[in-house]
file protein10.txt (compact mmCIF, N, CA and C atoms)
# COMPACT_ATOMS: atom_id res chain seq x y z
N CYS G 1 64.07 -42.50 -55.96
CA CYS G 1 63.55 -41.53 -55.03
C CYS G 1 62.11 -41.92 -54.68
N ALA G 2 61.81 -42.04 -53.41
CA ALA G 2 60.47 -42.40 -52.94
C ALA G 2 59.60 -41.16 -52.80
N THR G 3 58.33 -41.37 -52.90
CA THR G 3 57.38 -40.27 -52.68
C THR G 3 56.45 -40.64 -51.54
N VAL G 4 56.01 -39.63 -50.86
CA VAL G 4 55.07 -39.82 -49.76
C VAL G 4 53.80 -39.03 -50.09
N VAL G 5 52.68 -39.71 -50.06
CA VAL G 5 51.41 -39.05 -50.31
C VAL G 5 50.93 -38.44 -48.99
N VAL G 6 50.69 -37.16 -49.01
CA VAL G 6 50.22 -36.46 -47.81
C VAL G 6 48.86 -35.85 -48.10
N ARG G 7 47.94 -36.11 -47.20
CA ARG G 7 46.60 -35.54 -47.34
C ARG G 7 46.30 -34.71 -46.10
N PRO G 8 45.58 -33.62 -46.26
CA PRO G 8 45.21 -32.82 -45.08
C PRO G 8 44.20 -33.58 -44.22
N ARG G 9 44.21 -33.26 -42.95
CA ARG G 9 43.21 -33.85 -42.06
C ARG G 9 41.83 -33.35 -42.46
N PRO G 10 40.84 -34.22 -42.49
CA PRO G 10 39.50 -33.76 -42.85
C PRO G 10 38.93 -32.83 -41.78
N ARG G 11 38.18 -31.85 -42.24
CA ARG G 11 37.50 -30.91 -41.33
C ARG G 11 36.05 -31.35 -41.24
N VAL G 12 35.64 -31.72 -40.03
CA VAL G 12 34.31 -32.27 -39.79
C VAL G 12 33.52 -31.32 -38.90
N VAL G 13 32.32 -30.99 -39.33
CA VAL G 13 31.40 -30.18 -38.52
C VAL G 13 30.27 -31.09 -38.06
N VAL G 14 29.99 -31.07 -36.77
CA VAL G 14 28.93 -31.90 -36.19
C VAL G 14 27.84 -31.00 -35.64
N LEU G 15 26.60 -31.29 -36.01
CA LEU G 15 25.48 -30.56 -35.43
C LEU G 15 24.32 -31.51 -35.17
N SER G 16 23.63 -31.24 -34.08
CA SER G 16 22.43 -31.98 -33.73
C SER G 16 21.22 -31.16 -34.12
N THR G 17 20.13 -31.86 -34.46
CA THR G 17 18.90 -31.15 -34.77
C THR G 17 17.80 -31.57 -33.82
N GLY G 18 17.03 -30.61 -33.39
CA GLY G 18 15.89 -30.90 -32.53
C GLY G 18 15.62 -29.79 -31.55
N SER G 19 14.40 -29.31 -31.55
CA SER G 19 14.00 -28.26 -30.61
C SER G 19 13.95 -28.77 -29.18
N GLU G 20 13.94 -30.09 -29.02
CA GLU G 20 13.88 -30.68 -27.68
C GLU G 20 15.25 -30.81 -27.02
N LEU G 21 16.31 -30.46 -27.72
CA LEU G 21 17.67 -30.65 -27.21
C LEU G 21 18.13 -29.48 -26.35
N VAL G 22 18.76 -29.80 -25.23
CA VAL G 22 19.37 -28.79 -24.36
C VAL G 22 20.79 -29.22 -24.04
N GLN G 23 21.61 -28.27 -23.65
CA GLN G 23 23.00 -28.55 -23.31
C GLN G 23 23.07 -29.36 -22.02
N PRO G 24 23.99 -30.33 -21.95
CA PRO G 24 24.17 -31.07 -20.70
C PRO G 24 24.44 -30.10 -19.55
N GLY G 25 23.82 -30.39 -18.42
CA GLY G 25 23.98 -29.55 -17.24
C GLY G 25 22.85 -28.56 -17.05
N GLU G 26 22.14 -28.24 -18.13
CA GLU G 26 20.99 -27.35 -18.01
C GLU G 26 19.80 -28.15 -17.50
N GLU G 27 18.86 -27.45 -16.90
CA GLU G 27 17.68 -28.11 -16.37
C GLU G 27 16.77 -28.55 -17.51
N LEU G 28 16.27 -29.79 -17.40
CA LEU G 28 15.34 -30.31 -18.40
C LEU G 28 13.91 -29.99 -18.00
N THR G 29 13.10 -29.65 -18.99
CA THR G 29 11.67 -29.51 -18.77
C THR G 29 10.97 -30.57 -19.61
N GLY G 30 9.67 -30.63 -19.53
CA GLY G 30 8.91 -31.68 -20.21
C GLY G 30 9.26 -31.82 -21.68
N GLY G 31 9.56 -33.03 -22.10
CA GLY G 31 9.83 -33.32 -23.50
C GLY G 31 11.23 -32.98 -23.98
N GLN G 32 12.10 -32.55 -23.08
CA GLN G 32 13.46 -32.20 -23.48
C GLN G 32 14.43 -33.33 -23.15
N ILE G 33 15.52 -33.40 -23.91
CA ILE G 33 16.60 -34.34 -23.66
C ILE G 33 17.93 -33.61 -23.86
N TYR G 34 18.98 -34.20 -23.31
CA TYR G 34 20.30 -33.59 -23.46
C TYR G 34 20.89 -33.89 -24.84
N ASP G 35 21.58 -32.91 -25.39
CA ASP G 35 22.32 -33.08 -26.64
C ASP G 35 23.65 -33.74 -26.30
N SER G 36 23.65 -35.06 -26.29
CA SER G 36 24.90 -35.79 -26.01
C SER G 36 25.57 -36.26 -27.30
N ASN G 37 24.79 -36.47 -28.35
CA ASN G 37 25.35 -37.00 -29.59
C ASN G 37 26.40 -36.10 -30.21
N SER G 38 26.18 -34.78 -30.19
CA SER G 38 27.15 -33.90 -30.85
C SER G 38 28.50 -33.94 -30.15
N PHE G 39 28.49 -34.10 -28.84
CA PHE G 39 29.76 -34.21 -28.10
C PHE G 39 30.46 -35.52 -28.44
N ALA G 40 29.71 -36.62 -28.45
CA ALA G 40 30.30 -37.93 -28.72
C ALA G 40 30.82 -38.02 -30.15
N LEU G 41 30.06 -37.52 -31.11
CA LEU G 41 30.50 -37.59 -32.50
C LEU G 41 31.70 -36.69 -32.78
N THR G 42 31.74 -35.53 -32.14
CA THR G 42 32.90 -34.65 -32.30
C THR G 42 34.15 -35.31 -31.73
N ALA G 43 34.02 -35.92 -30.56
CA ALA G 43 35.16 -36.63 -29.96
C ALA G 43 35.61 -37.79 -30.83
N ALA G 44 34.66 -38.53 -31.40
CA ALA G 44 35.01 -39.66 -32.26
C ALA G 44 35.74 -39.19 -33.52
N ALA G 45 35.29 -38.09 -34.08
CA ALA G 45 35.96 -37.54 -35.27
C ALA G 45 37.39 -37.12 -34.94
N ARG G 46 37.57 -36.49 -33.79
CA ARG G 46 38.92 -36.09 -33.38
C ARG G 46 39.80 -37.30 -33.13
N ASP G 47 39.24 -38.32 -32.49
CA ASP G 47 40.00 -39.54 -32.24
C ASP G 47 40.43 -40.21 -33.54
N ALA G 48 39.64 -40.03 -34.59
CA ALA G 48 39.95 -40.61 -35.89
C ALA G 48 40.92 -39.74 -36.70
N GLY G 49 41.32 -38.60 -36.13
CA GLY G 49 42.31 -37.76 -36.79
C GLY G 49 41.77 -36.53 -37.48
N ALA G 50 40.48 -36.30 -37.39
CA ALA G 50 39.88 -35.13 -38.05
C ALA G 50 40.06 -33.87 -37.21
N ILE G 51 39.95 -32.75 -37.86
CA ILE G 51 39.79 -31.47 -37.18
C ILE G 51 38.28 -31.30 -37.06
N ALA G 52 37.76 -31.40 -35.86
CA ALA G 52 36.31 -31.45 -35.67
C ALA G 52 35.80 -30.22 -34.95
N TYR G 53 34.67 -29.73 -35.43
CA TYR G 53 33.99 -28.57 -34.85
C TYR G 53 32.59 -28.99 -34.45
N ARG G 54 32.20 -28.66 -33.24
CA ARG G 54 30.85 -28.95 -32.76
C ARG G 54 30.02 -27.68 -32.82
N VAL G 55 28.95 -27.71 -33.60
CA VAL G 55 28.05 -26.57 -33.70
C VAL G 55 27.05 -26.59 -32.56
N GLY G 56 26.62 -27.77 -32.16
CA GLY G 56 25.60 -27.89 -31.12
C GLY G 56 24.24 -28.14 -31.73
N ALA G 57 23.21 -27.81 -30.97
CA ALA G 57 21.84 -28.11 -31.39
C ALA G 57 21.25 -26.99 -32.23
N VAL G 58 20.57 -27.39 -33.29
CA VAL G 58 19.84 -26.47 -34.16
C VAL G 58 18.36 -26.82 -34.04
N THR G 59 17.51 -25.82 -33.89
CA THR G 59 16.09 -26.08 -33.70
C THR G 59 15.45 -26.69 -34.94
N ASP G 60 14.26 -27.25 -34.74
CA ASP G 60 13.51 -27.87 -35.83
C ASP G 60 12.85 -26.80 -36.70
N ASP G 61 13.66 -26.08 -37.41
CA ASP G 61 13.18 -25.05 -38.32
C ASP G 61 14.00 -25.19 -39.60
N ALA G 62 13.33 -25.46 -40.70
CA ALA G 62 14.03 -25.74 -41.96
C ALA G 62 14.96 -24.61 -42.38
N GLU G 63 14.53 -23.38 -42.25
CA GLU G 63 15.35 -22.24 -42.67
C GLU G 63 16.58 -22.08 -41.77
N THR G 64 16.40 -22.27 -40.47
CA THR G 64 17.53 -22.18 -39.54
C THR G 64 18.55 -23.28 -39.83
N LEU G 65 18.06 -24.48 -40.08
CA LEU G 65 18.96 -25.59 -40.39
C LEU G 65 19.70 -25.33 -41.70
N ARG G 66 18.98 -24.88 -42.72
CA ARG G 66 19.62 -24.58 -44.00
C ARG G 66 20.70 -23.52 -43.85
N ALA G 67 20.37 -22.46 -43.13
CA ALA G 67 21.33 -21.37 -42.93
C ALA G 67 22.55 -21.83 -42.15
N THR G 68 22.33 -22.66 -41.14
CA THR G 68 23.45 -23.17 -40.34
C THR G 68 24.37 -24.04 -41.18
N ILE G 69 23.79 -24.94 -41.94
CA ILE G 69 24.61 -25.80 -42.81
C ILE G 69 25.36 -24.95 -43.83
N GLU G 70 24.67 -24.01 -44.43
CA GLU G 70 25.31 -23.14 -45.42
C GLU G 70 26.48 -22.37 -44.81
N ASP G 71 26.30 -21.86 -43.60
CA ASP G 71 27.37 -21.13 -42.91
C ASP G 71 28.58 -22.02 -42.62
N GLN G 72 28.35 -23.29 -42.36
CA GLN G 72 29.43 -24.20 -41.99
C GLN G 72 30.18 -24.77 -43.19
N LEU G 73 29.62 -24.67 -44.37
CA LEU G 73 30.27 -25.24 -45.56
C LEU G 73 31.65 -24.66 -45.82
N ILE G 74 31.87 -23.44 -45.40
CA ILE G 74 33.17 -22.79 -45.65
C ILE G 74 34.31 -23.48 -44.90
N ARG G 75 34.00 -24.10 -43.77
CA ARG G 75 35.07 -24.72 -42.99
C ARG G 75 34.98 -26.23 -42.92
N ALA G 76 34.06 -26.83 -43.65
CA ALA G 76 33.84 -28.27 -43.51
C ALA G 76 34.14 -29.02 -44.79
N ASP G 77 34.79 -30.16 -44.63
CA ASP G 77 34.86 -31.14 -45.70
C ASP G 77 33.67 -32.08 -45.59
N VAL G 78 33.22 -32.29 -44.35
CA VAL G 78 32.10 -33.18 -44.05
C VAL G 78 31.23 -32.51 -43.01
N ILE G 79 29.91 -32.58 -43.19
CA ILE G 79 28.98 -32.13 -42.16
C ILE G 79 28.20 -33.35 -41.70
N VAL G 80 28.23 -33.60 -40.39
CA VAL G 80 27.52 -34.72 -39.79
C VAL G 80 26.33 -34.15 -39.02
N THR G 81 25.13 -34.63 -39.34
CA THR G 81 23.95 -34.23 -38.58
C THR G 81 23.45 -35.43 -37.81
N THR G 82 22.89 -35.17 -36.65
CA THR G 82 22.32 -36.23 -35.84
C THR G 82 20.99 -35.74 -35.29
N GLY G 83 20.00 -36.62 -35.31
CA GLY G 83 18.67 -36.27 -34.82
C GLY G 83 17.75 -35.87 -35.95
N GLY G 84 16.50 -35.59 -35.57
CA GLY G 84 15.53 -35.08 -36.52
C GLY G 84 15.10 -36.03 -37.61
N VAL G 85 15.15 -37.32 -37.33
CA VAL G 85 14.81 -38.27 -38.39
C VAL G 85 13.58 -39.12 -38.06
N SER G 86 12.80 -38.71 -37.08
CA SER G 86 11.60 -39.47 -36.77
C SER G 86 10.50 -39.09 -37.74
N VAL G 87 9.34 -39.64 -37.53
CA VAL G 87 8.22 -39.34 -38.42
C VAL G 87 7.40 -38.16 -37.92
N GLY G 88 7.93 -37.45 -36.94
CA GLY G 88 7.22 -36.29 -36.41
C GLY G 88 7.06 -35.19 -37.44
N ALA G 89 6.00 -34.44 -37.30
CA ALA G 89 5.71 -33.37 -38.25
C ALA G 89 6.73 -32.25 -38.21
N TYR G 90 7.49 -32.15 -37.12
CA TYR G 90 8.40 -31.02 -36.96
C TYR G 90 9.86 -31.37 -37.23
N ASP G 91 10.17 -32.63 -37.48
CA ASP G 91 11.54 -33.03 -37.78
C ASP G 91 11.84 -32.69 -39.24
N VAL G 92 12.87 -31.89 -39.46
CA VAL G 92 13.11 -31.35 -40.80
C VAL G 92 14.23 -32.03 -41.58
N VAL G 93 14.97 -32.92 -40.96
CA VAL G 93 16.07 -33.57 -41.68
C VAL G 93 15.52 -34.69 -42.55
call {"tool": "encode", "arguments": {"input": "protein10.txt", "output": "structure tokens"}}
result
Amino acid sequence: CATVVVRPRPRVVVLSTGSELVQPGEELTGGQIYDSNSFALTAAARDAGAIAYRVGAVTDDAETLRATIEDQLIRADVIVTTGGVSVGAYDVV
């Protein structure tokens, strides 16, 4: 008798960090850029077979980021963050 190993699809949560991020299609003002990474990474996770959730952009505030990640842990096997890794004083990742 053969056996088949079955694993559940991973649940991936994607969030971008940065107060400068705005949704595509919205008007940009000085110093802002579009949050394109969260869309691309969510699509890539889905293409790889994951159940992917896009949270969107989280501002550069340590408490907000912590609370957002904590809230997402209930539905995530993996949390992917993008952004917020420069040497700027306000980047919290």
call {"tool": "residues_around", "arguments": {"input": "protein10.txt", "residues": "G:Gly18", "least_positions_apart": "2", "cutoff": "7 Å", "atoms": "all atoms listed in the file", "output": "list of chain:residue names"}}
result
G:Ser16, G:Glu20, G:Leu21, G:Ala57, G:Val58, G:Thr59, G:Asp60, G:Asp61, G:Thr82, G:Gly83, G:Gly84
call {"tool": "closest_residue", "arguments": {"input": "protein10.txt", "among": "G:Thr29, G:Thr42, G:Ser36, G:Thr81", "to": "G:Leu15", "atoms": "only C-alpha atoms"}}
result
G:Thr81
call {"tool": "atom_distance", "arguments": {"input": "protein10.txt", "atom1": "atom C of G:Pro10", "atom2": "atom CA of G:Ala52"}}
result
6.8 Å
call {"tool": "select_by_dssp", "arguments": {"input": "protein10.txt", "residues": "chain G", "states": "strand (DSSP E)", "output": "list in words"}}
result
Arg11, Val12, Val13, Val14, Leu15, Ser16, Thr17, Leu21, Val22, Ile33, Tyr34, Ile51, Ala52, Tyr53, Arg54, Val55, Gly56, Ala57, Val58, Val78, Ile79, Val80, Thr81 and Thr82 of chain G
call {"tool": "residues_around", "arguments": {"input": "protein10.txt", "residues": "G:Arg46", "least_positions_apart": "4", "cutoff": "10 Å", "atoms": "only C-alpha atoms", "output": "ChimeraX atom specification"}}
result
/G:9-12,40-42,50-53
call {"tool": "select_by_dssp", "arguments": {"input": "protein10.txt", "residues": "chain G", "states": "alpha helix (DSSP H)", "output": "MDAnalysis selection string"}}
result
chainID G and resid 37:47 62:72
call {"tool": "atom_distance", "arguments": {"input": "protein10.txt", "atom1": "atom C of G:Gly30", "atom2": "atom N of G:Thr64"}}
result
22.3 Å
call {"tool": "closest_residue", "arguments": {"input": "protein10.txt", "among": "G:Leu73, G:Val4, G:Ala62, G:Val80", "to": "G:Phe39", "atoms": "only C-alpha atoms"}}
result
G:Val80
